[in-house]
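With mmCIF, C-alpha atoms inside, this is upload.cif:
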data_query
loop_
_atom_site.label_atom_id
_atom_site.label_comp_id
_atom_site.auth_asym_id
_atom_site.auth_seq_id
_atom_site.Cartn_x
_atom_site.Cartn_y
_atom_site.Cartn_z
CA MET A 1 29.43 -0.60 2.20
CA ARG A 2 26.22 0.90 3.59
CA GLY A 3 27.55 4.42 3.11
CA TYR A 4 28.83 3.68 -0.39
CA LEU A 5 25.52 2.21 -1.55
CA ALA A 6 23.60 5.08 0.03
CA THR A 7 25.83 7.62 -1.72
CA ILE A 8 25.24 6.04 -5.14
CA THR A 9 21.51 5.74 -4.46
CA VAL A 10 21.19 9.34 -3.32
CA ARG A 11 23.02 10.68 -6.37
CA LEU A 12 20.77 8.70 -8.69
CA CYS A 13 17.71 9.86 -6.75
CA MET A 14 18.82 13.49 -6.90
CA ASP A 15 19.15 13.28 -10.68
CA GLN A 16 15.74 11.62 -10.92
CA LEU A 17 14.12 14.19 -8.64
CA ARG A 18 15.47 17.10 -10.65
CA SER A 19 14.25 15.48 -13.87
CA ALA A 20 10.84 14.71 -12.38
CA ARG A 21 10.45 18.24 -11.04
CA ALA A 22 11.24 19.63 -14.49
CA ARG A 23 8.54 17.42 -16.00
CA ARG A 24 6.00 18.45 -13.38
CA GLU A 25 6.56 22.12 -14.12
CA VAL A 26 4.48 21.55 -17.26
CA TYR A 27 2.03 19.13 -15.60
CA THR A 28 -1.64 20.11 -15.82
CA GLY A 29 -3.21 20.63 -12.41
CA GLU A 30 -2.09 19.23 -9.07
CA TRP A 31 0.44 16.41 -8.92
CA LEU A 32 0.00 13.33 -6.73
CA PRO A 33 2.25 10.25 -6.70
CA GLU A 34 1.26 7.09 -8.53
CA PRO A 35 -0.75 4.96 -6.06
CA LEU A 36 0.81 1.73 -4.86
CA ALA A 37 -0.99 -1.35 -3.53
CA THR A 38 0.69 -2.35 -0.25
CA ALA A 39 -1.54 -5.06 1.23
CA ASP A 40 0.91 -7.71 0.02
CA ARG A 41 4.03 -5.63 0.69
CA PRO A 42 4.65 -5.78 4.47
CA ASP A 43 8.28 -4.89 3.80
CA LEU A 44 7.13 -1.39 2.86
CA THR A 45 4.87 -0.84 5.87
CA GLU A 46 6.52 -2.80 8.68
CA THR A 47 7.08 0.30 10.83
CA VAL A 48 4.87 3.29 11.57
CA ILE A 49 7.48 5.64 10.11
CA MET A 50 7.65 3.71 6.85
CA ARG A 51 3.86 3.48 6.61
CA GLU A 52 3.42 7.21 7.20
CA SER A 53 6.16 8.04 4.73
CA LEU A 54 4.30 6.18 1.97
CA SER A 55 1.07 8.09 2.48
CA LEU A 56 -0.18 10.28 -0.35
CA ALA A 57 -0.34 13.23 2.05
CA PHE A 58 3.30 12.88 3.02
CA LEU A 59 4.53 12.36 -0.54
CA TYR A 60 2.43 15.29 -1.75
CA MET A 61 3.96 17.53 0.88
CA LEU A 62 7.46 16.32 0.05
CA GLU A 63 6.93 17.90 -3.36
CA SER A 64 7.14 21.30 -1.69
CA LEU A 65 10.76 20.61 -0.69
CA ALA A 66 13.77 21.12 -2.92
CA PRO A 67 15.44 17.86 -4.04
CA PHE A 68 18.37 18.26 -1.63
CA GLU A 69 16.07 19.03 1.30
CA ARG A 70 14.00 15.99 0.46
CA VAL A 71 16.99 13.67 0.38
CA VAL A 72 18.31 14.88 3.74
CA PHE A 73 14.87 14.65 5.33
CA VAL A 74 14.19 11.11 4.09
CA LEU A 75 17.65 9.84 5.09
CA ARG A 76 17.21 11.20 8.60
CA GLU A 77 13.49 10.79 9.26
CA VAL A 78 12.70 7.59 7.37
CA PHE A 79 15.97 5.64 7.33
CA ASP A 80 17.33 6.99 10.63
CA TYR A 81 20.81 7.88 9.38
CA ASP A 82 22.81 10.03 11.78
CA TYR A 83 24.13 13.40 10.67
CA PRO A 84 27.77 12.36 10.09
CA GLU A 85 26.54 9.61 7.74
CA ILE A 86 24.21 11.99 5.91
CA ALA A 87 26.98 14.57 5.56
CA GLN A 88 29.26 11.99 4.01
CA ILE A 89 26.57 10.76 1.63
CA VAL A 90 25.50 14.18 0.34
CA GLU A 91 29.01 15.67 0.58
CA LYS A 92 27.96 18.59 2.75
CA SER A 93 28.92 19.63 6.26
CA GLU A 94 27.18 18.07 9.24
CA ALA A 95 26.02 21.52 10.39
CA ASN A 96 24.50 22.19 6.98
CA CYS A 97 22.64 18.86 7.04
CA ARG A 98 21.23 19.61 10.49
CA GLN A 99 20.04 22.99 9.29
CA VAL A 100 18.48 21.59 6.13
CA PHE A 101 16.70 18.83 8.05
CA HIS A 102 15.36 21.28 10.65
CA ARG A 103 14.08 23.59 7.92
CA ALA A 104 12.44 20.74 6.01
CA ARG A 105 10.77 19.28 9.11
CA GLN A 106 9.48 22.69 10.15
CA HIS A 107 8.11 23.31 6.67
CA LEU A 108 6.28 19.98 6.60
CA ALA A 109 4.94 20.45 10.12
CA GLU A 110 3.49 23.82 9.14
CA HIS A 111 1.70 22.16 6.24
CA GLN A 112 0.41 19.30 8.43
CA ALA A 113 2.12 16.64 6.30
CA ARG A 114 1.30 13.87 8.78
CA PHE A 115 -1.87 13.23 10.70
CA LYS A 116 -1.94 10.88 13.65
CA ALA A 117 -5.09 8.86 13.06
CA SER A 118 -4.86 5.20 13.94
CA GLU A 119 -5.30 2.62 11.20
CA ASP A 120 -8.64 1.61 12.76
CA GLN A 121 -9.88 5.20 12.73
CA GLN A 122 -8.74 5.67 9.15
CA ARG A 123 -10.55 2.54 8.00
CA LYS A 124 -13.70 3.39 9.99
CA VAL A 125 -14.09 6.74 8.25
CA THR A 126 -13.36 5.15 4.86
CA GLU A 127 -15.99 2.44 5.46
CA GLU A 128 -18.57 5.03 6.54
CA PHE A 129 -18.00 7.03 3.37
CA LEU A 130 -18.19 3.88 1.23
CA HIS A 131 -21.50 2.87 2.83
CA ALA A 132 -23.02 6.34 2.42
CA ALA A 133 -21.80 6.80 -1.16
CA SER A 134 -23.05 3.33 -2.17
CA SER A 135 -26.47 3.68 -0.56
CA GLY A 136 -27.91 5.86 -3.31
CA ASP A 137 -29.20 8.21 -0.61
CA VAL A 138 -27.72 11.63 -1.33
CA GLN A 139 -29.00 13.06 1.95
CA GLN A 140 -27.21 10.32 3.91
CA LEU A 141 -23.95 11.19 2.15
CA VAL A 142 -24.43 14.92 2.71
CA GLN A 143 -25.16 14.32 6.39
CA LEU A 144 -22.01 12.21 6.77
CA LEU A 145 -19.89 14.86 5.08
CA ASN A 146 -21.37 17.58 7.27
CA THR A 147 -20.35 15.68 10.40
CA THR A 148 -16.93 14.38 9.31
CA LEU A 149 -15.36 17.09 7.15
CA ALA A 150 -13.16 19.51 9.09
CA ASP A 151 -14.02 23.17 8.53
CA ASP A 152 -10.67 23.76 6.81
CA VAL A 153 -10.60 20.48 4.88
CA VAL A 154 -8.78 20.45 1.53
CA PHE A 155 -9.44 18.29 -1.53
CA VAL A 156 -6.54 17.61 -3.90
CA GLY A 157 -7.38 15.92 -7.19
CA ASP A 158 -4.90 14.74 -9.81
CA GLY A 159 -6.48 14.17 -13.20
CA GLY A 160 -3.52 15.31 -15.26
CA GLY A 161 -5.92 17.51 -17.22
CA LYS A 162 -7.56 14.37 -18.63
CA VAL A 163 -10.46 13.75 -16.26
CA PRO A 164 -13.53 16.00 -15.76
CA GLY A 165 -14.21 16.73 -12.13
CA ALA A 166 -10.62 16.38 -10.93
CA GLY A 167 -10.10 20.13 -10.90
CA LEU A 168 -6.86 21.98 -11.48
CA ARG A 169 -6.38 23.46 -8.01
CA PRO A 170 -7.02 22.29 -4.43
CA VAL A 171 -10.52 22.92 -3.10
CA HIS A 172 -10.71 24.40 0.40
CA GLY A 173 -13.50 24.46 2.97
CA ALA A 174 -16.12 21.93 4.07
CA SER A 175 -19.01 23.32 2.04
CA ASN A 176 -17.00 23.54 -1.19
CA VAL A 177 -15.52 20.06 -0.79
CA SER A 178 -18.88 18.52 0.10
CA ARG A 179 -20.63 20.15 -2.84
CA GLY A 180 -17.86 19.02 -5.21
CA LEU A 181 -17.86 15.41 -3.99
CA VAL A 182 -21.63 15.02 -4.21
CA GLY A 183 -21.73 16.71 -7.61
CA ASN A 184 -19.03 14.47 -9.04
CA LEU A 185 -20.68 11.32 -7.71
CA LEU A 186 -23.95 12.33 -9.37
CA LYS A 187 -22.30 13.30 -12.68
CA PHE A 188 -19.77 10.47 -12.85
CA PRO A 189 -21.12 7.59 -10.74
CA PRO A 190 -18.69 4.67 -10.47
CA ASP A 191 -19.76 1.13 -11.31
CA THR A 192 -18.09 -0.37 -8.24
CA VAL A 193 -16.29 0.96 -5.18
CA ARG A 194 -14.27 -1.08 -2.72
CA ILE A 195 -11.61 -0.61 -0.05
CA GLU A 196 -7.98 -1.51 -0.71
CA GLU A 197 -4.75 -0.75 1.11
CA ILE A 198 -3.02 1.93 -0.95
CA ASN A 199 0.27 3.49 0.13
CA GLY A 200 -0.15 1.96 3.56
CA GLN A 201 -3.65 3.36 4.11
CA SER A 202 -7.24 2.29 3.62
CA ALA A 203 -8.46 3.84 0.36
CA LEU A 204 -11.49 3.76 -1.89
CA VAL A 205 -10.88 2.22 -5.30
CA ALA A 206 -13.54 2.95 -7.95
CA THR A 207 -14.14 1.40 -11.38
CA ARG A 208 -16.07 2.54 -14.45
CA GLY A 209 -16.55 0.61 -17.65
CA GLY A 210 -14.52 -2.28 -16.30
CA GLU A 211 -11.43 -0.14 -15.70
CA LEU A 212 -9.90 1.49 -12.65
CA TYR A 213 -11.35 5.00 -12.51
CA GLY A 214 -9.96 6.54 -9.35
CA VAL A 215 -8.38 6.19 -5.92
CA LEU A 216 -9.57 8.31 -3.00
CA VAL A 217 -7.65 8.55 0.29
CA PHE A 218 -8.76 10.39 3.43
CA GLU A 219 -6.41 11.95 5.95
CA VAL A 220 -8.09 11.82 9.35
CA ASP A 221 -7.37 13.54 12.64
CA ALA A 222 -9.54 13.11 15.75
CA GLY A 223 -12.30 11.55 13.69
CA ARG A 224 -12.51 14.43 11.21
CA ILE A 225 -11.42 14.38 7.58
CA GLN A 226 -8.67 16.97 7.20
CA ALA A 227 -7.77 16.24 3.58
CA LEU A 228 -8.84 14.11 0.63
CA TYR A 229 -6.48 12.98 -2.13
CA ALA A 230 -7.94 11.67 -5.38
CA VAL A 231 -5.78 10.12 -8.11
CA LEU A 232 -7.81 10.07 -11.33
CA ASN A 233 -5.16 10.41 -14.02
CA PRO A 234 -5.52 7.18 -16.05
CA ASP A 235 -1.78 7.12 -16.76
CA LYS A 236 -1.11 6.82 -13.03
CA LEU A 237 -3.75 4.13 -12.49
CA ARG A 238 -2.72 1.69 -15.20
CA ALA A 239 -0.14 -0.23 -13.17
CA LEU A 240 -2.38 -0.33 -10.08
CA GLY A 241 -5.30 -1.60 -12.15
CA GLN A 242 -3.17 -4.47 -13.43
CA GLU A 243 -1.95 -5.28 -9.92
CA LEU A 244 -5.52 -5.33 -8.60
CA ALA A 245 -6.69 -7.34 -11.62
CA ILE A 246 -9.12 -4.61 -12.73
#
Could you take the file, read its structure, and then write that structure out as structure tokens?
Amino acid sequence: MRGYLATITVRLCMDQLRSARARREVYTGEWLPEPLATADRPDLTETVIMRESLSLAFLYMLESLAPFERVVFVLREVFDYDYPEIAQIVEKSEANCRQVFHRARQHLAEHQARFKASEDQQRKVTEEFLHAASSGDVQQLVQLLNTTLADDVVFVGDGGGKVPGAGLRPVHGASNVSRGLVGNLLKFPPDTVRIEEINGQSALVATRGGELYGVLVFEVDAGRIQALYAVLNPDKLRALGQELAI
């Protein structure tokens, strides 16, 4: 029964992935997944593997895999299926599944899809940024960014072409990211900012005009911010805003 249900699920997912990829080919700017509130969903984050696999960084990197590679990787890495089971589900040889999984894992590792910060470290950095950004002291925020942004940090913003300041391409480098963050905060200051658990991680949730304006997630390694993911597309924030009663 497990194999039968998995087979049906995978086929449906493959169709959905192909359809979604086709839609994203005409998407304006970078694509990030729709953020999900997980504080009240322990079933989604009960293991480290599941929590990591929900992160915006991981899901963003999964986009670089072909649909078939993604299915094999998730079945093996997230749900711990063995290769004979995966081969039966996807109707490919076991050797082919091993090869596809190895290629997918290597690809994601090269792109640093997962960082190993503890939950405490992740929240600490998020709280420090919240305090500095809410203080009204630009110099305090600049100083924090100078000490916490990794030299090769990357900022990925998803505004769907609808939000000024989101950008259309990733921004690389500490000075560029710092300048962009400070500039956006000065041009488009939020009304309120608070911390929520989003996709299994501490994240900043900002409002403007009584509506959810954006979600910002940091990926941290050894106390340094390696990447920032900002979901600003209002179409992707609508459901989260309702769930958070914003």
How would you write, as a PDB file with C-alpha atoms, in the frame of the given file, the residues chosen by the PyMOL selection byres ((chain A and resi 204) around 12) on this structure?
ATOM      1  CA  PRO A  35      -0.750   4.960  -6.060  1.00  0.00           C
ATOM      2  CA  ALA A  37      -0.990  -1.350  -3.530  1.00  0.00           C
ATOM      3  CA  GLN A 122      -8.740   5.670   9.150  1.00  0.00           C
ATOM      4  CA  ARG A 123     -10.550   2.540   8.000  1.00  0.00           C
ATOM      5  CA  VAL A 125     -14.090   6.740   8.250  1.00  0.00           C
ATOM      6  CA  THR A 126     -13.360   5.150   4.860  1.00  0.00           C
ATOM      7  CA  GLU A 127     -15.990   2.440   5.460  1.00  0.00           C
ATOM      8  CA  GLU A 128     -18.570   5.030   6.540  1.00  0.00           C
ATOM      9  CA  PHE A 129     -18.000   7.030   3.370  1.00  0.00           C
ATOM     10  CA  LEU A 130     -18.190   3.880   1.230  1.00  0.00           C
ATOM     11  CA  HIS A 131     -21.500   2.870   2.830  1.00  0.00           C
ATOM     12  CA  ALA A 133     -21.800   6.800  -1.160  1.00  0.00           C
ATOM     13  CA  SER A 134     -23.050   3.330  -2.170  1.00  0.00           C
ATOM     14  CA  PRO A 190     -18.690   4.670 -10.470  1.00  0.00           C
ATOM     15  CA  THR A 192     -18.090  -0.370  -8.240  1.00  0.00           C
ATOM     16  CA  VAL A 193     -16.290   0.960  -5.180  1.00  0.00           C
ATOM     17  CA  ARG A 194     -14.270  -1.080  -2.720  1.00  0.00           C
ATOM     18  CA  ILE A 195     -11.610  -0.610  -0.050  1.00  0.00           C
ATOM     19  CA  GLU A 196      -7.980  -1.510  -0.710  1.00  0.00           C
ATOM     20  CA  GLU A 197      -4.750  -0.750   1.110  1.00  0.00           C
ATOM     21  CA  ILE A 198      -3.020   1.930  -0.950  1.00  0.00           C
ATOM     22  CA  ASN A 199       0.270   3.490   0.130  1.00  0.00           C
ATOM     23  CA  GLN A 201      -3.650   3.360   4.110  1.00  0.00           C
ATOM     24  CA  SER A 202      -7.240   2.290   3.620  1.00  0.00           C
ATOM     25  CA  ALA A 203      -8.460   3.840   0.360  1.00  0.00           C
ATOM     26  CA  VAL A 205     -10.880   2.220  -5.300  1.00  0.00           C
ATOM     27  CA  ALA A 206     -13.540   2.950  -7.950  1.00  0.00           C
ATOM     28  CA  THR A 207     -14.140   1.400 -11.380  1.00  0.00           C
ATOM     29  CA  LEU A 212      -9.900   1.490 -12.650  1.00  0.00           C
ATOM     30  CA  TYR A 213     -11.350   5.000 -12.510  1.00  0.00           C
ATOM     31  CA  GLY A 214      -9.960   6.540  -9.350  1.00  0.00           C
ATOM     32  CA  VAL A 215      -8.380   6.190  -5.920  1.00  0.00           C
ATOM     33  CA  LEU A 216      -9.570   8.310  -3.000  1.00  0.00           C
ATOM     34  CA  VAL A 217      -7.650   8.550   0.290  1.00  0.00           C
ATOM     35  CA  PHE A 218      -8.760  10.390   3.430  1.00  0.00           C
ATOM     36  CA  LEU A 228      -8.840  14.110   0.630  1.00  0.00           C
ATOM     37  CA  TYR A 229      -6.480  12.980  -2.130  1.00  0.00           C
ATOM     38  CA  ALA A 230      -7.940  11.670  -5.380  1.00  0.00           C
ATOM     39  CA  VAL A 231      -5.780  10.120  -8.110  1.00  0.00           C
ATOM     40  CA  LEU A 232      -7.810  10.070 -11.330  1.00  0.00           C
TER      41      LEU A 232
END
Mind checking which residues fall within 12 Å of Thr28 of chain A, counting only C-alpha atoms, ignoring those fewer than 5 positions away in the same chain, and posting them as a tab-separated table (two decimals) with C-alpha atoms, keeping the file's coordinate frame?
chain	number	residue	atom	x	y	z
A	23	ARG	CA	8.54	17.42	-16.00
A	157	GLY	CA	-7.38	15.92	-7.19
A	158	ASP	CA	-4.90	14.74	-9.81
A	159	GLY	CA	-6.48	14.17	-13.20
A	160	GLY	CA	-3.52	15.31	-15.26
A	161	GLY	CA	-5.92	17.51	-17.22
A	162	LYS	CA	-7.56	14.37	-18.63
A	163	VAL	CA	-10.46	13.75	-16.26
A	166	ALA	CA	-10.62	16.38	-10.93
A	167	GLY	CA	-10.10	20.13	-10.90
A	168	LEU	CA	-6.86	21.98	-11.48
A	169	ARG	CA	-6.38	23.46	-8.01
A	233	ASN	CA	-5.16	10.41	-14.02
Review point. To one decimal place, how far is atom CA of Pro189 of chain A from atom CA of Glu243 of chain A in Å?
Key: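 Separation of atom CA of Pro189 of chain A and atom CA of Glu243 of chain A: 23.1 Å.
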Can you spell out as a CSV table (one decimal) with C-alpha atoms, in the frame of the given file the set of residues that the PyMOL selection byres ((chain A and resi 97) around 12) selects in the structure I just provided?
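File out.csv, as written:
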chain,number,residue,atom,x,y,z
A,68,PHE,CA,18.4,18.3,-1.6
A,69,GLU,CA,16.1,19.0,1.3
A,70,ARG,CA,14.0,16.0,0.5
A,71,VAL,CA,17.0,13.7,0.4
A,72,VAL,CA,18.3,14.9,3.7
A,73,PHE,CA,14.9,14.6,5.3
A,74,VAL,CA,14.2,11.1,4.1
A,75,LEU,CA,17.6,9.8,5.1
A,76,ARG,CA,17.2,11.2,8.6
A,81,TYR,CA,20.8,7.9,9.4
A,82,ASP,CA,22.8,10.0,11.8
A,83,TYR,CA,24.1,13.4,10.7
A,84,PRO,CA,27.8,12.4,10.1
A,85,GLU,CA,26.5,9.6,7.7
A,86,ILE,CA,24.2,12.0,5.9
A,87,ALA,CA,27.0,14.6,5.6
A,88,GLN,CA,29.3,12.0,4.0
A,89,ILE,CA,26.6,10.8,1.6
A,90,VAL,CA,25.5,14.2,0.3
A,91,GLU,CA,29.0,15.7,0.6
A,92,LYS,CA,28.0,18.6,2.8
A,93,SER,CA,28.9,19.6,6.3
A,94,GLU,CA,27.2,18.1,9.2
A,95,ALA,CA,26.0,21.5,10.4
A,96,ASN,CA,24.5,22.2,7.0
A,98,ARG,CA,21.2,19.6,10.5
A,99,GLN,CA,20.0,23.0,9.3
A,100,VAL,CA,18.5,21.6,6.1
A,101,PHE,CA,16.7,18.8,8.0
A,102,HIS,CA,15.4,21.3,10.6
A,103,ARG,CA,14.1,23.6,7.9
A,104,ALA,CA,12.4,20.7,6.0
Exercise for review: With the file shown as input, list the residues that the PyMOL selection byres ((chain A and resi 31) around 8) selects, as a ChimeraX atom specification.
Suggested key: /A:24,27,29-30,32-33,60,158,160
